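Colleague: Structure in structure tokens, see below.
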Amino acid sequence: MMPLAFARPGSLVRVIAIRGGQGVHAKLRSLGIMEGRLLRVVNLMYGGPVIVEIVNDVGPSPKVALGFGISTKIFVEEV
Amino acid sequence: MSIEKTRKGFVVALAGVPNSGKSSIFNKLTGGKAWVGNWPGVTIEKKVGTLRLDSVEVEVVDLPGIYGLTAYSLDEIIARNFIVEENPDLVIIVVNATNLERSLYLALSILELGANAIVALNMIDLAREQGIEIDYQKLSELLGVPVVPTVAVTGSGLQNLKKLILERAKGGKARLNIVNYGDDVENAIKKVEELLKSNVPELLKKYPSRWISIKLLEWDEDVIRKVKSYAGGDEVIREVERIRAELQNKIEDLELYMTERRYQKILEIVRSIVRQIKPKGITWTDLLDSVLTHRVLGVFSAIAVLYMLFRFAFEISTPFVDLFSLLINGYLHDWILGLKLLPPWLASLLADGIVNGVGTVLSFLPLITMFFLGLAFLEDVGYMTRIAYLVDKVFSKFGLSGKTVIPLVIGFGCNVPAVMATRAIEDENERKTAALIAPLATCSARLPVYMVIAYAIFKRAAGGVVLSMYVWSITLALLVALALRKFVFKGSSTGFVMEMPPYIMPRPDIISMKMWERTKKFLRKAGTVILIGVVFIWLLSVTGPSGFLGVNALSSPELLEHSWAGLLGRVFSETVFKPLGWDWRTSVALIFGFIAKEIVVGTMAILYGVGEKGLPATLAKLHVFTPVTGYAFMLFVLIYVPCVATMATIRSELGSRYMLFALTYELILAYLLALTVVGFGHLIGVS
Ligand SMILES: Nc1nc2c(ncn2[C@@H]2O[C@H](COP(=O)(O)OP(=O)(O)OP(=O)(O)O)[C@@H](O)[C@H]2O)c(=O)[nH]1
Ligand SMILES: [Mg+2]
């Protein structure tokens with residue numbers, strides 16, 4: 001398990017846990033980023049933001065950029 | 001058939017996730033000109049328009065985008081409150097076919113609220129390009145509301161949408177229980193519903209009991225507050241707390257569980273309505289993003305893209321600016337002065353005042369329209385969010401999120417919408433900071449000033465010198481932000497979360513509409529504020545304490561010095577501006593530039609006079625500036641005060657205190673920086 005901020009660009013990860021206040025949780029959930037979801041790490045700047053894409057079998061959603069502060073609170077596991 | 005009287009107005013709200021095409025639909029329905037752009041958060045204020053259908057007058061309201069009924073930023077609060085509190089007669093839920101999951105998440109939240117709703121399934125053209133087709137009839141069955149497929153930009157499907165609006169004007173109810181939350185939670189919901197019925201019956205006249213119950217179980221702060229505001233509400237909340245505790249024995253994270261149930265439902269819906277018609281392949285967006293958001297290549301491409309747009313605007317427009325200048329300041333000016341039938345004072349007012357003053361500003365029209373073209377392209381192609389991503393790391397060092405760059409880029413066009421655009425920033429401290437630095441974005445009104453000075457002094461290097469103003473603009477904005485975040489608006493940021501929509505090829509009709517709307521504002525300003533400003537300056541120049549000086553005052557420096565303008569200017573040029581080396585004419589220009597920065601150029605044109613070679617040539621001939629005092633002047637104009645319109649906007653967004661604050665810090669910063677440049681110039685001996 002590691003923070004999303006340190007994931008490998010191009011890798012596929014599963015969200016294990018999200019730390020942080022209710023606000024962060026609700027905002028991320030309304031974008032479909034929540035525990036159990038599969039994400040593709042599209043691009044990443046070390047110490048900066050990361051772009052993820054939600055992976056599911058039902059077609060695309062626009063990618064989401066997450067700042068460093070938030071992506072260190074999202075814990076993922078590479079699959 | 002009745003043409004006598006229309007029914008009482010009927011209110012239709014457009015709701016949907018950001019960037020789903022709400023404003024585009026609004027424009028097509030009402031013939032309005034709501035601003036559109038390819039990034040989330042374009043609309044930041046509700047906008048009302050009317051649509052006439054048969055004998056029914058429909059009031060259509062365009063709202064900012066939201067992802068759910070919990071709101072974070074100011075724009076989201078506006079949308080949420082309208083949907084939840086103002087009870088529109090009908091809600092058009094705009095579903096983005098290329099963003100089904102999030103769109104449906106919001107759609108379910110709105111349907112749960114029991115609103116009379118219909119769904120516009122928009123952007124089906126883009127979805128098809130991505131290889132998916134959507135069974136909209138099936139979607140309608142599953143949601144229990146009518147669904148119309150649309151392509152807002154071409155208007156396809158909008159006739160059907162209008163028909164549906166008319167049909168639903170008679171009323172219609174949504175199905176409240178599309179999502180089943182499982183036995184445990186459903187039982188709890190029933191219990192809470194009973195509680196509400198017996199304790200706060202008044203509340204249920206406004207909202208469906210199921211919705212309130214769900215929100216209470218999710219512990220939604222807003223709804224809790226709402227319930228508590230009724231007599232008997234506290235009792236309900238205490239009981240809900242107990243029910244929640246009981247549930248949490250079985251379900252650890254209740255909020256997460258309920259959200260998951262919703263998404264399960266959504267996935268079920270999406271699976272049954274989406275058909276892949278083309279194999280998934282790599283898309284243009286993926287391809288472009290692999291370069292444009294690359295951590296190294298991305299930054300270089302951004303610099304290249306912006307530089308190219310800048311060169312494009314300059315190269316294309318320069319010959320036209322010269323031509324306009326010759327026609328206006330040369331031919332038109334001389335022709336008016338040559339007219340025998342005009343009394344000399346009138347000829348002077350027209351030629352030396354209006355034609356020179358307003359005309360010089362207008363001669364930059366080609367440059368400004370080309371600049372607006374570039375800006376519209378950036379906005380619509382989808383690059384704004386990429387810029388935000390690229391700068392986020394650097395901006396975060398200054399206490400801002402990458403999102404702040406969007407208001408700044410918009411500010412390059414005009415600071416007024418830039419201040420407004422900061423509403424989309426969630427974090428309160430960050431938003432206020434952004435609104436206060438937005439006036440440092442060098443707007444298109446300052447461009448003519450830079451051009452005139454740069455071409456007067458720096459000749460071949462003028463382009464680079466003007467470009468350097470943009471670098472100053474961003475640098476200063478960041479430094480001021482850093483100071484504000486450190487001393488005034490403290491507190492850590494809530495962070496950067498932003499959807500990045502696919503790139504789209506901008507449509508010529510939308511680009512030209514946006515270009516024209518911005519240009520129209522510039523023209524209107526030229527015809528009103530700037531016109532009045534220059535007439536006033538002409539008056540101040542031909543009159544003085546001794547009365548009317550005669551129209552010759554403008555061509556005789558000795559006379560002009562004794563005009564009101566001369567006196568006023570010298571008050572400044574012999575005191576505060578003395579160390580900066582600016583003469584009294586320049587000082588007058590700065591004083592009136594406070595109204596609108598174009599007036600700086602207009603005033604100079606009147607006071608120095610313009611030949612057919614244009615104002616820069618005149619300034620160069622008269623040696624008004626040295627490279628050092630000229631550059632200091634450009635910097636001063638970049639910073640010194642927000643124009644009157646921007647001040648008014650800051651006041652309405654943040655209050656008078658912050659408006660005064662913006663004014664003060666800008667004046668001080670401008671003065672100190674100009675002084676530093678001049679001082680530095682003396683030091684290295686370039687003056
Ligand atoms: N191809 C295509 N483009 C569309 C369609 N509808 C809207 N667009 C484009 O999508 C972008 C977003 O449209 P807007 O109307 O600004 O979206 P909005 O929902 O008002 O967005 P916010 O105000 O940010 O919430 C614009 O660039 C539009 O030109 C459509 O049906 N097809
Ligand atoms: Mg909009």
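Quick note on naming: the chains in the structure tokens go A, B, ... in the order shown, residues restart at 1 in each chain, and ligands are numbered from 1 in order of appearance.
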How would you write, as JSON, numbers by chain, the set of residues no farther than 9 Å from ligand 2 when counting only C-alpha atoms and all ligand atoms?

Modeller: {"B": [18, 19, 20, 21, 22, 23, 24, 26, 34, 35, 36, 37, 40, 41, 42, 43, 44, 45, 62, 63, 64, 65]}

Colleague: Write to file, as a PDB file, in the first residue's frame, the residues of the selection just made, with N, CA and C atoms.

Modeller:
ATOM      1  N   PRO B  18     -20.398  19.781 -14.377  1.00  0.00           N
ATOM      2  CA  PRO B  18     -19.693  20.813 -15.129  1.00  0.00           C
ATOM      3  C   PRO B  18     -19.324  20.308 -16.522  1.00  0.00           C
ATOM      4  N   ASN B  19     -19.319  21.216 -17.469  1.00  0.00           N
ATOM      5  CA  ASN B  19     -18.891  20.903 -18.823  1.00  0.00           C
ATOM      6  C   ASN B  19     -19.781  19.878 -19.542  1.00  0.00           C
ATOM      7  N   SER B  20     -21.053  19.843 -19.195  1.00  0.00           N
ATOM      8  CA  SER B  20     -21.935  18.890 -19.869  1.00  0.00           C
ATOM      9  C   SER B  20     -22.687  19.556 -21.020  1.00  0.00           C
ATOM     10  N   GLY B  21     -22.589  20.871 -21.131  1.00  0.00           N
ATOM     11  CA  GLY B  21     -23.238  21.568 -22.235  1.00  0.00           C
ATOM     12  C   GLY B  21     -24.490  22.328 -21.823  1.00  0.00           C
ATOM     13  N   LYS B  22     -24.632  22.621 -20.533  1.00  0.00           N
ATOM     14  CA  LYS B  22     -25.821  23.353 -20.061  1.00  0.00           C
ATOM     15  C   LYS B  22     -25.932  24.720 -20.720  1.00  0.00           C
ATOM     16  N   SER B  23     -24.828  25.447 -20.718  1.00  0.00           N
ATOM     17  CA  SER B  23     -24.872  26.795 -21.275  1.00  0.00           C
ATOM     18  C   SER B  23     -25.100  26.758 -22.780  1.00  0.00           C
ATOM     19  N   SER B  24     -24.549  25.746 -23.427  1.00  0.00           N
ATOM     20  CA  SER B  24     -24.770  25.631 -24.873  1.00  0.00           C
ATOM     21  C   SER B  24     -26.252  25.394 -25.152  1.00  0.00           C
ATOM     22  N   PHE B  26     -28.702  26.265 -23.147  1.00  0.00           N
ATOM     23  CA  PHE B  26     -29.353  27.526 -22.776  1.00  0.00           C
ATOM     24  C   PHE B  26     -29.313  28.506 -23.951  1.00  0.00           C
ATOM     25  N   ALA B  34     -24.786  32.998 -23.231  1.00  0.00           N
ATOM     26  CA  ALA B  34     -24.070  32.536 -22.043  1.00  0.00           C
ATOM     27  C   ALA B  34     -22.677  32.088 -22.460  1.00  0.00           C
ATOM     28  N   TRP B  35     -21.714  32.338 -21.624  1.00  0.00           N
ATOM     29  CA  TRP B  35     -20.335  31.996 -21.944  1.00  0.00           C
ATOM     30  C   TRP B  35     -20.147  30.485 -21.907  1.00  0.00           C
ATOM     31  N   VAL B  36     -19.511  29.927 -22.929  1.00  0.00           N
ATOM     32  CA  VAL B  36     -19.235  28.494 -22.940  1.00  0.00           C
ATOM     33  C   VAL B  36     -17.738  28.290 -23.092  1.00  0.00           C
ATOM     34  N   GLY B  37     -17.262  27.156 -22.693  1.00  0.00           N
ATOM     35  CA  GLY B  37     -15.847  26.866 -22.816  1.00  0.00           C
ATOM     36  C   GLY B  37     -15.608  25.441 -22.396  1.00  0.00           C
ATOM     37  N   PRO B  40     -14.284  22.604 -16.813  1.00  0.00           N
ATOM     38  CA  PRO B  40     -15.358  22.612 -15.825  1.00  0.00           C
ATOM     39  C   PRO B  40     -15.337  23.906 -15.025  1.00  0.00           C
ATOM     40  N   GLY B  41     -16.489  24.531 -14.859  1.00  0.00           N
ATOM     41  CA  GLY B  41     -16.531  25.751 -14.064  1.00  0.00           C
ATOM     42  C   GLY B  41     -16.577  27.028 -14.873  1.00  0.00           C
ATOM     43  N   VAL B  42     -17.094  26.963 -16.098  1.00  0.00           N
ATOM     44  CA  VAL B  42     -17.188  28.169 -16.929  1.00  0.00           C
ATOM     45  C   VAL B  42     -18.269  29.087 -16.369  1.00  0.00           C
ATOM     46  N   THR B  43     -19.454  28.524 -16.128  1.00  0.00           N
ATOM     47  CA  THR B  43     -20.559  29.322 -15.607  1.00  0.00           C
ATOM     48  C   THR B  43     -20.407  29.452 -14.105  1.00  0.00           C
ATOM     49  N   ILE B  44     -20.433  30.673 -13.588  1.00  0.00           N
ATOM     50  CA  ILE B  44     -20.241  30.830 -12.145  1.00  0.00           C
ATOM     51  C   ILE B  44     -21.393  31.621 -11.514  1.00  0.00           C
ATOM     52  N   GLU B  45     -22.403  31.900 -12.326  1.00  0.00           N
ATOM     53  CA  GLU B  45     -23.534  32.666 -11.821  1.00  0.00           C
ATOM     54  C   GLU B  45     -24.756  32.173 -12.573  1.00  0.00           C
ATOM     55  N   ASP B  62     -29.871  29.038 -16.528  1.00  0.00           N
ATOM     56  CA  ASP B  62     -28.637  28.280 -16.681  1.00  0.00           C
ATOM     57  C   ASP B  62     -27.895  28.327 -15.350  1.00  0.00           C
ATOM     58  N   LEU B  63     -27.436  27.170 -14.888  1.00  0.00           N
ATOM     59  CA  LEU B  63     -26.765  27.112 -13.584  1.00  0.00           C
ATOM     60  C   LEU B  63     -25.312  26.660 -13.736  1.00  0.00           C
ATOM     61  N   PRO B  64     -24.485  26.980 -12.745  1.00  0.00           N
ATOM     62  CA  PRO B  64     -23.135  26.418 -12.717  1.00  0.00           C
ATOM     63  C   PRO B  64     -23.210  24.898 -12.584  1.00  0.00           C
ATOM     64  N   GLY B  65     -22.167  24.209 -12.982  1.00  0.00           N
ATOM     65  CA  GLY B  65     -22.168  22.751 -12.899  1.00  0.00           C
ATOM     66  C   GLY B  65     -21.912  22.269 -11.480  1.00  0.00           C
TER      67      GLY B  65
END

Colleague: From the DSSP assignment of the backbone, select every residue of stretch 10-54 of chain A that is helix (DSSP H, G or I), and format the answer as JSON, numbers by chain.

Modeller: {"A": [22, 23, 24, 25, 26, 27, 28, 29, 30]}

Colleague: How would the residues just chosen look if you wrote them out with N, CA, C and O atoms as a CSV table (one decimal), in the first residue's frame?

Modeller:
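out-v2.csv written:
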chain,number,residue,atom,x,y,z
A,22,GLN,N,-14.3,14.9,5.8
A,22,GLN,CA,-15.5,14.5,5.1
A,22,GLN,C,-15.6,15.2,3.7
A,22,GLN,O,-16.0,14.6,2.8
A,23,GLY,N,-15.2,16.5,3.7
A,23,GLY,CA,-15.3,17.2,2.5
A,23,GLY,C,-14.5,16.6,1.3
A,23,GLY,O,-15.1,16.4,0.3
A,24,VAL,N,-13.3,16.2,1.6
A,24,VAL,CA,-12.4,15.6,0.6
A,24,VAL,C,-13.1,14.3,0.1
A,24,VAL,O,-13.2,14.0,-1.1
A,25,HIS,N,-13.6,13.5,1.1
A,25,HIS,CA,-14.2,12.2,0.7
A,25,HIS,C,-15.4,12.4,-0.2
A,25,HIS,O,-15.5,11.8,-1.3
A,26,ALA,N,-16.3,13.3,0.2
A,26,ALA,CA,-17.5,13.5,-0.6
A,26,ALA,C,-17.2,14.0,-2.0
A,26,ALA,O,-17.8,13.5,-3.0
A,27,LYS,N,-16.3,14.9,-2.1
A,27,LYS,CA,-15.9,15.5,-3.4
A,27,LYS,C,-15.3,14.4,-4.3
A,27,LYS,O,-15.7,14.2,-5.4
A,28,LEU,N,-14.4,13.6,-3.7
A,28,LEU,CA,-13.8,12.5,-4.5
A,28,LEU,C,-14.8,11.5,-4.9
A,28,LEU,O,-14.8,11.0,-6.0
A,29,ARG,N,-15.7,11.2,-4.0
A,29,ARG,CA,-16.8,10.2,-4.3
A,29,ARG,C,-17.7,10.6,-5.4
A,29,ARG,O,-18.1,9.8,-6.3
A,30,SER,N,-18.0,11.9,-5.4
A,30,SER,CA,-18.9,12.4,-6.5
A,30,SER,C,-18.2,12.3,-7.8
A,30,SER,O,-18.8,12.4,-8.9

Colleague: Compile the residues of chain B that lie within 6 Å of chain A, evaluated using only C-alpha atoms, and express the compilation as an MDAnalysis selection string.

Modeller: chainID B and resid 67 99 295 393 495:501

Colleague: What is the distance between atom CA of B:Ala441 and atom CA of B:Ala477, in Å to one decimal?

Modeller: 7.3 Å

Colleague: Write out as a JSON list (two decimals) with all heavy atoms, in the first residue's frame the residues lying within 6 Å of stretch 628-643 of chain B, counting only C-alpha atoms and excluding same-chain residues fewer than 6 positions away.

Modeller:
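Written output follows (result.json):
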[["chain", "number", "residue", "atom", "x", "y", "z"],
["B", 439, "PRO", "N", -6.41, 41.34, -10.67],
["B", 439, "PRO", "CA", -6.14, 42.58, -11.39],
["B", 439, "PRO", "C", -4.69, 42.68, -11.88],
["B", 439, "PRO", "O", -4.39, 43.53, -12.71],
["B", 439, "PRO", "CB", -6.42, 43.68, -10.36],
["B", 439, "PRO", "CG", -7.24, 43.06, -9.32],
["B", 439, "PRO", "CD", -6.90, 41.60, -9.30],
["B", 450, "TYR", "N", 1.33, 49.30, -23.73],
["B", 450, "TYR", "CA", 2.63, 48.66, -23.93],
["B", 450, "TYR", "C", 3.12, 48.86, -25.36],
["B", 450, "TYR", "O", 4.28, 49.13, -25.60],
["B", 450, "TYR", "CB", 2.55, 47.15, -23.68],
["B", 450, "TYR", "CG", 2.05, 46.74, -22.33],
["B", 450, "TYR", "CD1", 1.43, 45.50, -22.16],
["B", 450, "TYR", "CD2", 2.19, 47.57, -21.22],
["B", 450, "TYR", "CE1", 0.98, 45.09, -20.92],
["B", 450, "TYR", "CE2", 1.72, 47.15, -19.97],
["B", 450, "TYR", "CZ", 1.11, 45.92, -19.83],
["B", 450, "TYR", "OH", 0.65, 45.51, -18.62],
["B", 594, "PHE", "N", -7.09, 55.54, -14.68],
["B", 594, "PHE", "CA", -7.74, 54.82, -13.59],
["B", 594, "PHE", "C", -9.15, 54.40, -14.00],
["B", 594, "PHE", "O", -9.66, 53.36, -13.60],
["B", 594, "PHE", "CB", -7.76, 55.75, -12.37],
["B", 594, "PHE", "CG", -8.75, 55.37, -11.32],
["B", 594, "PHE", "CD1", -8.65, 54.16, -10.66],
["B", 594, "PHE", "CD2", -9.79, 56.23, -11.01],
["B", 594, "PHE", "CE1", -9.57, 53.82, -9.69],
["B", 594, "PHE", "CE2", -10.71, 55.89, -10.04],
["B", 594, "PHE", "CZ", -10.60, 54.67, -9.38],
["B", 595, "ILE", "N", -9.79, 55.24, -14.85],
["B", 595, "ILE", "CA", -11.16, 54.91, -15.29],
["B", 595, "ILE", "C", -11.14, 53.68, -16.17],
["B", 595, "ILE", "O", -11.93, 52.76, -15.99],
["B", 595, "ILE", "CB", -11.77, 56.11, -16.02],
["B", 595, "ILE", "CG1", -11.80, 57.32, -15.08],
["B", 595, "ILE", "CG2", -13.16, 55.79, -16.53],
["B", 595, "ILE", "CD1", -12.04, 58.62, -15.77],
["B", 596, "ALA", "N", -10.23, 53.70, -17.14],
["B", 596, "ALA", "CA", -10.06, 52.55, -18.03],
["B", 596, "ALA", "C", -8.67, 52.74, -18.60],
["B", 596, "ALA", "O", -8.31, 53.85, -18.99],
["B", 596, "ALA", "CB", -11.10, 52.53, -19.13],
["B", 663, "LEU", "N", -6.68, 48.26, -4.12],
["B", 663, "LEU", "CA", -6.28, 49.56, -4.65],
["B", 663, "LEU", "C", -4.97, 50.02, -4.02],
["B", 663, "LEU", "O", -4.03, 50.42, -4.71],
["B", 663, "LEU", "CB", -7.40, 50.56, -4.36],
["B", 663, "LEU", "CG", -7.17, 51.99, -4.84],
["B", 663, "LEU", "CD1", -7.23, 52.02, -6.34],
["B", 663, "LEU", "CD2", -8.24, 52.90, -4.26],
["B", 666, "GLU", "N", -1.84, 47.80, -4.81],
["B", 666, "GLU", "CA", -1.40, 47.95, -6.19],
["B", 666, "GLU", "C", -0.66, 49.27, -6.40],
["B", 666, "GLU", "O", 0.36, 49.32, -7.08],
["B", 666, "GLU", "CB", -2.59, 47.84, -7.14],
["B", 666, "GLU", "CG", -3.11, 46.41, -7.22],
["B", 666, "GLU", "CD", -3.64, 46.06, -8.58],
["B", 666, "GLU", "OE1", -4.38, 46.87, -9.18],
["B", 666, "GLU", "OE2", -3.31, 44.98, -9.07],
["B", 667, "LEU", "N", -1.18, 50.34, -5.83],
["B", 667, "LEU", "CA", -0.53, 51.64, -5.98],
["B", 667, "LEU", "C", 0.88, 51.61, -5.39],
["B", 667, "LEU", "O", 1.83, 52.06, -6.02],
["B", 667, "LEU", "CB", -1.35, 52.71, -5.26],
["B", 667, "LEU", "CG", -2.40, 53.41, -6.11],
["B", 667, "LEU", "CD1", -3.21, 54.38, -5.26],
["B", 667, "LEU", "CD2", -1.74, 54.14, -7.27],
["B", 670, "ALA", "N", 3.18, 49.33, -7.47],
["B", 670, "ALA", "CA", 3.51, 49.94, -8.76],
["B", 670, "ALA", "C", 4.58, 51.00, -8.57],
["B", 670, "ALA", "O", 5.57, 51.07, -9.31],
["B", 670, "ALA", "CB", 2.26, 50.55, -9.38],
["B", 674, "ALA", "N", 8.41, 50.81, -10.02],
["B", 674, "ALA", "CA", 8.84, 51.79, -11.01],
["B", 674, "ALA", "C", 10.08, 52.52, -10.49],
["B", 674, "ALA", "O", 11.05, 52.74, -11.22],
["B", 674, "ALA", "CB", 7.72, 52.77, -11.30],
["B", 677, "VAL", "N", 13.11, 50.31, -10.82],
["B", 677, "VAL", "CA", 13.61, 50.22, -12.19],
["B", 677, "VAL", "C", 14.40, 51.46, -12.53],
["B", 677, "VAL", "O", 15.51, 51.39, -13.08],
["B", 677, "VAL", "CB", 12.44, 50.02, -13.19],
["B", 677, "VAL", "CG1", 12.90, 50.22, -14.61],
["B", 677, "VAL", "CG2", 11.84, 48.64, -13.01],
["B", 678, "VAL", "N", 13.86, 52.64, -12.21],
["B", 678, "VAL", "CA", 14.55, 53.88, -12.53],
["B", 678, "VAL", "C", 15.87, 53.97, -11.75],
["B", 678, "VAL", "O", 16.92, 54.31, -12.30],
["B", 678, "VAL", "CB", 13.65, 55.10, -12.23],
["B", 678, "VAL", "CG1", 14.43, 56.39, -12.37],
["B", 678, "VAL", "CG2", 12.46, 55.09, -13.16],
["B", 681, "GLY", "N", 18.31, 51.72, -13.23],
["B", 681, "GLY", "CA", 18.78, 52.29, -14.49],
["B", 681, "GLY", "C", 19.88, 53.31, -14.26],
["B", 681, "GLY", "O", 20.91, 53.30, -14.94],
["B", 687, "SER", "N", 20.26, 55.61, -18.30],
["B", 687, "SER", "CA", 19.27, 56.67, -18.55],
["B", 687, "SER", "C", 19.85, 57.72, -19.49],
["B", 687, "SER", "O", 19.41, 57.91, -20.58],
["B", 687, "SER", "CB", 18.87, 57.34, -17.25],
["B", 687, "SER", "OG", 20.03, 57.89, -16.66]]

Colleague: Could you check the closest approach to ligand 1 for each of B:Val601, B:Ile504, B:Ala152, B:Leu100 and tell me which residue wins, using only C-alpha atoms and all ligand atoms?

Modeller: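 Nearest candidate to ligand 1 out of B:Val601, B:Ile504, B:Ala152, B:Leu100: B:Ala152.
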
Colleague: So what do you get for atom CA of B:Glu76 versus atom CA of B:Thr422, distance-wise?

Modeller: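 About the pair atom CA of B:Glu76 and atom CA of B:Thr422: they are 12.3 Å apart.
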
Colleague: Please identify the strand (DSSP E) residues within chain A (assignment by DSSP from backbone atoms) and present them as number ranges by chain.

Modeller: A: 2-3, 12-18, 38-44, 50-55, 63-66, 74-78

Colleague: So that I can check the surroundings of B:Ile124, please list as an mmCIF file with C-alpha atoms, in the first residue's frame every protein, DNA and RNA residue that reaches within 10 Å of it, counting only C-alpha atoms and ignoring chain neighbours fewer than 5 positions away.

Modeller:
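Result written to result-v5.cif:
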data_model
loop_
_atom_site.group_PDB
_atom_site.id
_atom_site.type_symbol
_atom_site.label_atom_id
_atom_site.label_comp_id
_atom_site.auth_asym_id
_atom_site.auth_seq_id
_atom_site.Cartn_x
_atom_site.Cartn_y
_atom_site.Cartn_z
ATOM 1 C CA VAL B 95 -26.306 14.322 -18.927
ATOM 2 C CA ASN B 96 -22.931 14.312 -20.625
ATOM 3 C CA ALA B 97 -22.823 11.197 -22.794
ATOM 4 C CA THR B 98 -19.032 11.144 -22.562
ATOM 5 C CA GLU B 129 -16.679 9.307 -31.814
ATOM 6 C CA GLN B 130 -15.417 7.550 -28.711
ATOM 7 C CA ILE B 132 -20.249 4.219 -27.781
ATOM 8 C CA GLU B 133 -23.919 4.400 -28.522
ATOM 9 C CA ILE B 134 -26.538 4.923 -25.845
ATOM 10 C CA PRO B 149 -30.679 12.865 -27.055
ATOM 11 C CA THR B 150 -29.135 16.213 -28.057
ATOM 12 C CA VAL B 151 -26.108 17.798 -29.641
ATOM 13 C CA ALA B 152 -26.218 21.269 -28.169
#

Colleague: Just give me the gap between atom CA of B:Lys578 and atom CA of B:Asn552 in Å, one decimal is fine.

Modeller: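 Atom CA of B:Asn552 lies at a distance of 27.7 Å from atom CA of B:Lys578.
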
Colleague: So which residues touch B:Tyr136 within 8 Å, counting only C-alpha atoms, skipping near sequence neighbours fewer than 4 positions away, as a PyMOL selection string?

Modeller: chain B and resi 121+140+147-149+273

Colleague: Take the residues from that selection and write them out as a compact mmCIF listing (two decimals), in the first residue's frame, keeping C-alpha atoms.

Modeller:
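Okay, selection-v5.txt is ready:
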# COMPACT_ATOMS: atom_id res chain seq x y z
CA LEU B 121 -28.60 13.32 -23.10
CA SER B 140 -35.80 6.74 -19.81
CA VAL B 147 -34.90 11.40 -22.12
CA VAL B 148 -34.00 13.33 -25.29
CA PRO B 149 -30.68 12.86 -27.05
CA ILE B 273 -27.75 1.25 -22.03

Colleague: Fewer than 6 positions away in the same chain doesn't count, so skip those; otherwise give me all residues within 12 Å of B:Leu309, counting only C-alpha atoms, as a PyMOL selection string.

Modeller: chain B and resi 302-303+315-316+367+370-378+467

Colleague: Considering only C-alpha atoms, return as a list in words whatever protein or nucleic-acid residues lie within 7 Å of B:Gly602, sequence-local ones (same chain, fewer than 5 positions apart) excluded.

Modeller: Gly357, Val358, Thr360, Val361 and Val534 of chain B

Colleague: For ligand 1, which residue out of B:Trp219, B:Phe625, B:Tyr181, B:Tyr503 is the nearest one, using only C-alpha atoms and all ligand atoms?

Modeller: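 Checking each candidate against ligand 1, we get B:Tyr503 as the closest.
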